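For reference, the structure is listed below as structure tokens.
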Amino acid sequence: MTYGGWIILSISLISVTCFMLWCFYRVLSPKNTAHPRKKEKTAR
Amino acid sequence: MSQEFKPAEQWNTQLGAILAVAGSAVGLGNFLRFPGLVALYGGGSFMIAYAVSFLLIGIPLCLAEWTMGRYGGSRGFHSAAGIISCVVRHPIGKYIGVFNIMVPVCLFMYYACIEAWTLGYAVNAFTGDLHFSSIDQTRDFFNTFVGMGENAGAAALSLKTAGVFLLAVIVINMLILWRGLSKGIELFCSYAMPALIVIAIVILVRVLTLGTPNPALPENNVNNGLGFMWNPTKVVLETRATPEAAWRRIPAKDGGELIGEAAIARAQAQAAASPDTVRIGRVTMWGQLSNPQLWLAAAGQVFFTLSVGMGVLSTYASYLRRRDDVVLGSITSASVNEFCEVGLGGLISLPAGVAFLGVASLAGMCSTFELGFNVLPLVFAQLPFGMFFAFLFFFLLFLAAATSSISMLQPGLAFLEEALNVNRKQALAILSTLTVLGTGYCFFFSKNLHAIATLDFWAGNLLVFVCGMTNIIIFAWIFPLERGWRQMHQGARLRLPLFFKYILKYVTPLFLLAVFGYWLLDVFGVFSSGTGQASTYIRELFVHPSPVAWGGVLIMVFFFIFGALIVRASPKLPRAHRVHERRRRARKTQPTTNL
């Protein structure tokens, strides 16, 4: 495989994996942590 | 009175809904179709077109269908007929919705047959009967297994033919659906999806550690397999008969694609020996991106892999709660599909194939069926503990196919429950009778897989594309977009950037129309390899009429008319488009009565 192939493979793999993990992190994290501004409003 | 309908069925958790939608999206295409396309269109170049299509077609369509689904669900409608009727607020909506119900049901008819093949291959690997030593043996086994030689050729009661497994697949699907939405589909996908990913990772590790399995053939290795798929620039061998003639590319299956330093050095020596007739050419990334076929393939793959345009996403989303996050949910399920496709599917089949068979042998066998059922059994047969890995791989394909096939029947079930006012089990009895007849057509006309190919072309390509385009136009232009945008962000933890509105309104419909237009021109022979002939599927309807081709089309017409008649006779659905107005009026009058 050429360097170009490795670069594209790495970018594709890292991006899809990080994208999925980030999405699941957001899905599984408690709802208020996602909206600091909203949390602030609620606290007030 | 509460403004929200309390549906009889709901997802237990949002994670369950996400896994169910991801299960619907992850299918055979992720593990077999995608790697073949990437290799055919030159790795890196294809991935650029694929990423652009994913952002401009995949994500917007997912968002639109999820949003419309939850909107319809919160008004008590779970079938596409009710949902679209609610959204467009016009009686024609319910007939448009019938298309969204008919398509997945027709897809199920042939998908169940392919699912049966995966189950059959898994069982045969388990019993150790997939030991092959040549590609001819694997082809013979496959042809007998699916009944390729003659109609109804796979009907024998034997583990070496698909008939028994088709019965098993239909029973498994019906049992899961019988148990209901949360206890059936959600529960099954909650176990099947993680299991699928774990199995795929085990096989991936095995494939990536293959190295060079045969030291006598050092060019057949995993590294070259990865290069075959992912190298952005293709190095090709070109030839001409005389110094005056034009250069012609040697096809990859005849050794025309050069992967690895040794192959390139050998070709350079050959070119140096006869410079007038042999030369090495390079097809750059930009050169490949200028090929419209590549964009058509990339857009088509994104479209089909995400299960958009089938009415499945909107039906699944209609069982969400009003406050569930559709933005995050749709993006997360799409991300799981992309991980399975690029991260797992893109690294298993072709590298393993090249490591054992070499680039030239594999190049002509990158189609879904050829790769999955002819090449890979041969690869696994040559591997230590090969039958174990073959079993794992085909079981993985079976899980991927099962999570998709159950989703194809849910829109039909929701429709029958809603339109005929029957319970889930009665609806399942009606739907299973009808789909078994359609599956029987695909199974019986097995010669050259004619029936499967016909339904795949008309329902799996044409109608899916038409439904997807209709859905995005309805969402962006008729809903209208402002209302859709508000609905989409109700309960959302993620806010989409505002420019996404313009993508939803202009870019996605135009991109889809362009791809569809190009596809139609291709089908009618304007671009088809210079022959100027329309596609076989068109010719076998009008030029050389074939009963099997007409049978497939008539099945789809029958389902549409059947659905339209039910919609017309239904006591609930014709009022769907009025529900919104009635509820809006009720909301307006409520404060007055309170005073």
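Ordered as shown in the structure tokens, chains take letters A, B, and onward, while each chain numbers its residues from 1 and ligands are numbered from 1 in the order shown.
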
Residue list for chain A near chain B as a PDB file with N, CA and C atoms, in the first residue's frame, 7 Å, only C-alpha atoms:
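Produced file iface-v6.pdb, reproduced below:
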```
ATOM      1  N   MET A   1       0.858  -1.193   0.000  1.00  0.00           N
ATOM      2  CA  MET A   1       0.000   0.000   0.000  1.00  0.00           C
ATOM      3  C   MET A   1       0.890   1.239   0.000  1.00  0.00           C
ATOM      4  N   THR A   2       0.460   2.253  -0.751  1.00  0.00           N
ATOM      5  CA  THR A   2       1.269   3.477  -0.834  1.00  0.00           C
ATOM      6  C   THR A   2       0.998   4.377   0.380  1.00  0.00           C
ATOM      7  N   GLY A   4      -0.146   7.341   0.269  1.00  0.00           N
ATOM      8  CA  GLY A   4      -1.476   7.931   0.050  1.00  0.00           C
ATOM      9  C   GLY A   4      -2.569   7.023   0.571  1.00  0.00           C
ATOM     10  N   GLY A   5      -2.418   5.727   0.298  1.00  0.00           N
ATOM     11  CA  GLY A   5      -3.407   4.751   0.764  1.00  0.00           C
ATOM     12  C   GLY A   5      -3.465   4.716   2.279  1.00  0.00           C
ATOM     13  N   ILE A   8      -5.213   7.887   3.595  1.00  0.00           N
ATOM     14  CA  ILE A   8      -6.681   7.872   3.438  1.00  0.00           C
ATOM     15  C   ILE A   8      -7.319   6.837   4.357  1.00  0.00           C
ATOM     16  N   LEU A   9      -6.691   5.688   4.464  1.00  0.00           N
ATOM     17  CA  LEU A   9      -7.220   4.651   5.361  1.00  0.00           C
ATOM     18  C   LEU A   9      -7.231   5.151   6.808  1.00  0.00           C
ATOM     19  N   LEU A  13     -10.547   5.725   8.996  1.00  0.00           N
ATOM     20  CA  LEU A  13     -10.769   4.908  10.199  1.00  0.00           C
ATOM     21  C   LEU A  13     -10.904   5.770  11.442  1.00  0.00           C
ATOM     22  N   VAL A  16     -14.294   7.813  11.351  1.00  0.00           N
ATOM     23  CA  VAL A  16     -15.540   7.081  11.636  1.00  0.00           C
ATOM     24  C   VAL A  16     -15.572   6.585  13.083  1.00  0.00           C
ATOM     25  N   THR A  17     -14.405   6.179  13.600  1.00  0.00           N
ATOM     26  CA  THR A  17     -14.384   5.667  14.977  1.00  0.00           C
ATOM     27  C   THR A  17     -14.655   6.797  15.969  1.00  0.00           C
ATOM     28  N   PHE A  19     -16.079   9.636  15.397  1.00  0.00           N
ATOM     29  CA  PHE A  19     -17.452  10.124  15.184  1.00  0.00           C
ATOM     30  C   PHE A  19     -18.443   9.254  15.965  1.00  0.00           C
ATOM     31  N   MET A  20     -18.277   7.941  15.860  1.00  0.00           N
ATOM     32  CA  MET A  20     -19.203   7.045  16.550  1.00  0.00           C
ATOM     33  C   MET A  20     -19.061   7.171  18.069  1.00  0.00           C
ATOM     34  N   CYS A  23     -20.571  10.383  19.281  1.00  0.00           N
ATOM     35  CA  CYS A  23     -22.047  10.309  19.259  1.00  0.00           C
ATOM     36  C   CYS A  23     -22.554   9.525  20.478  1.00  0.00           C
ATOM     37  N   PHE A  24     -21.927   8.374  20.749  1.00  0.00           N
ATOM     38  CA  PHE A  24     -22.390   7.566  21.886  1.00  0.00           C
ATOM     39  C   PHE A  24     -22.121   8.279  23.208  1.00  0.00           C
ATOM     40  N   VAL A  27     -24.926  10.584  23.570  1.00  0.00           N
ATOM     41  CA  VAL A  27     -26.194   9.889  23.845  1.00  0.00           C
ATOM     42  C   VAL A  27     -26.236   9.420  25.296  1.00  0.00           C
ATOM     43  N   ALA A  34     -25.037  18.603  28.425  1.00  0.00           N
ATOM     44  CA  ALA A  34     -24.848  18.969  27.025  1.00  0.00           C
ATOM     45  C   ALA A  34     -25.098  20.445  26.763  1.00  0.00           C
ATOM     46  N   HIS A  35     -25.851  21.089  27.627  1.00  0.00           N
ATOM     47  CA  HIS A  35     -26.222  22.472  27.365  1.00  0.00           C
ATOM     48  C   HIS A  35     -25.806  23.376  28.523  1.00  0.00           C
TER      49      HIS A  35
END
```

* Please provide the set of residues having any atom within 12 Å of Trp295 of chain B, restricted to only C-alpha atoms, with same-chain residues fewer than 4 positions apart removed, written as a PyMOL selection string. => chain B and resi 37-38+41+45-54+288-291+299-303+511-512+514-516+518-519

Written file, previous selection with C-alpha atoms, as an mmCIF file, in the first residue's frame:
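Below you can see again_11.cif, which holds the result:
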```cif
data_model
loop_
_atom_site.group_PDB
_atom_site.id
_atom_site.type_symbol
_atom_site.label_atom_id
_atom_site.label_comp_id
_atom_site.auth_asym_id
_atom_site.auth_seq_id
_atom_site.Cartn_x
_atom_site.Cartn_y
_atom_site.Cartn_z
ATOM 1 C CA LEU B 37 -17.055 -0.546 -4.876
ATOM 2 C CA VAL B 38 -14.050 0.995 -3.102
ATOM 3 C CA TYR B 41 -13.283 3.042 -8.060
ATOM 4 C CA SER B 45 -11.037 8.817 -4.689
ATOM 5 C CA PHE B 46 -14.129 6.817 -3.869
ATOM 6 C CA MET B 47 -13.833 7.732 -0.188
ATOM 7 C CA ILE B 48 -13.859 11.457 -1.016
ATOM 8 C CA ALA B 49 -17.029 11.104 -3.102
ATOM 9 C CA TYR B 50 -18.455 8.825 -0.403
ATOM 10 C CA ALA B 51 -17.772 11.338 2.404
ATOM 11 C CA VAL B 52 -19.319 14.193 0.400
ATOM 12 C CA SER B 53 -22.390 12.073 -0.395
ATOM 13 C CA PHE B 54 -22.686 11.026 3.237
ATOM 14 C CA GLN B 288 -10.957 9.286 -11.005
ATOM 15 C CA LEU B 289 -13.094 11.959 -9.320
ATOM 16 C CA SER B 290 -13.969 13.379 -12.738
ATOM 17 C CA ASN B 291 -15.740 10.119 -13.564
ATOM 18 C CA ALA B 299 -24.122 8.373 -3.725
ATOM 19 C CA GLY B 300 -25.930 5.090 -4.363
ATOM 20 C CA GLN B 301 -23.925 3.292 -1.689
ATOM 21 C CA VAL B 302 -24.591 6.014 0.912
ATOM 22 C CA PHE B 303 -28.247 5.977 -0.025
ATOM 23 C CA PHE B 511 -27.787 16.432 -5.589
ATOM 24 C CA LEU B 512 -30.322 13.617 -5.479
ATOM 25 C CA ALA B 514 -28.701 15.012 -10.445
ATOM 26 C CA VAL B 515 -27.736 11.503 -9.347
ATOM 27 C CA PHE B 516 -31.180 10.177 -10.252
ATOM 28 C CA TYR B 518 -27.686 10.404 -14.395
ATOM 29 C CA TRP B 519 -28.889 6.988 -13.243
#
```

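Between atom CA of Thr315 of chain B and atom CA of Ala414 of chain B the separation is 7.7 Å.
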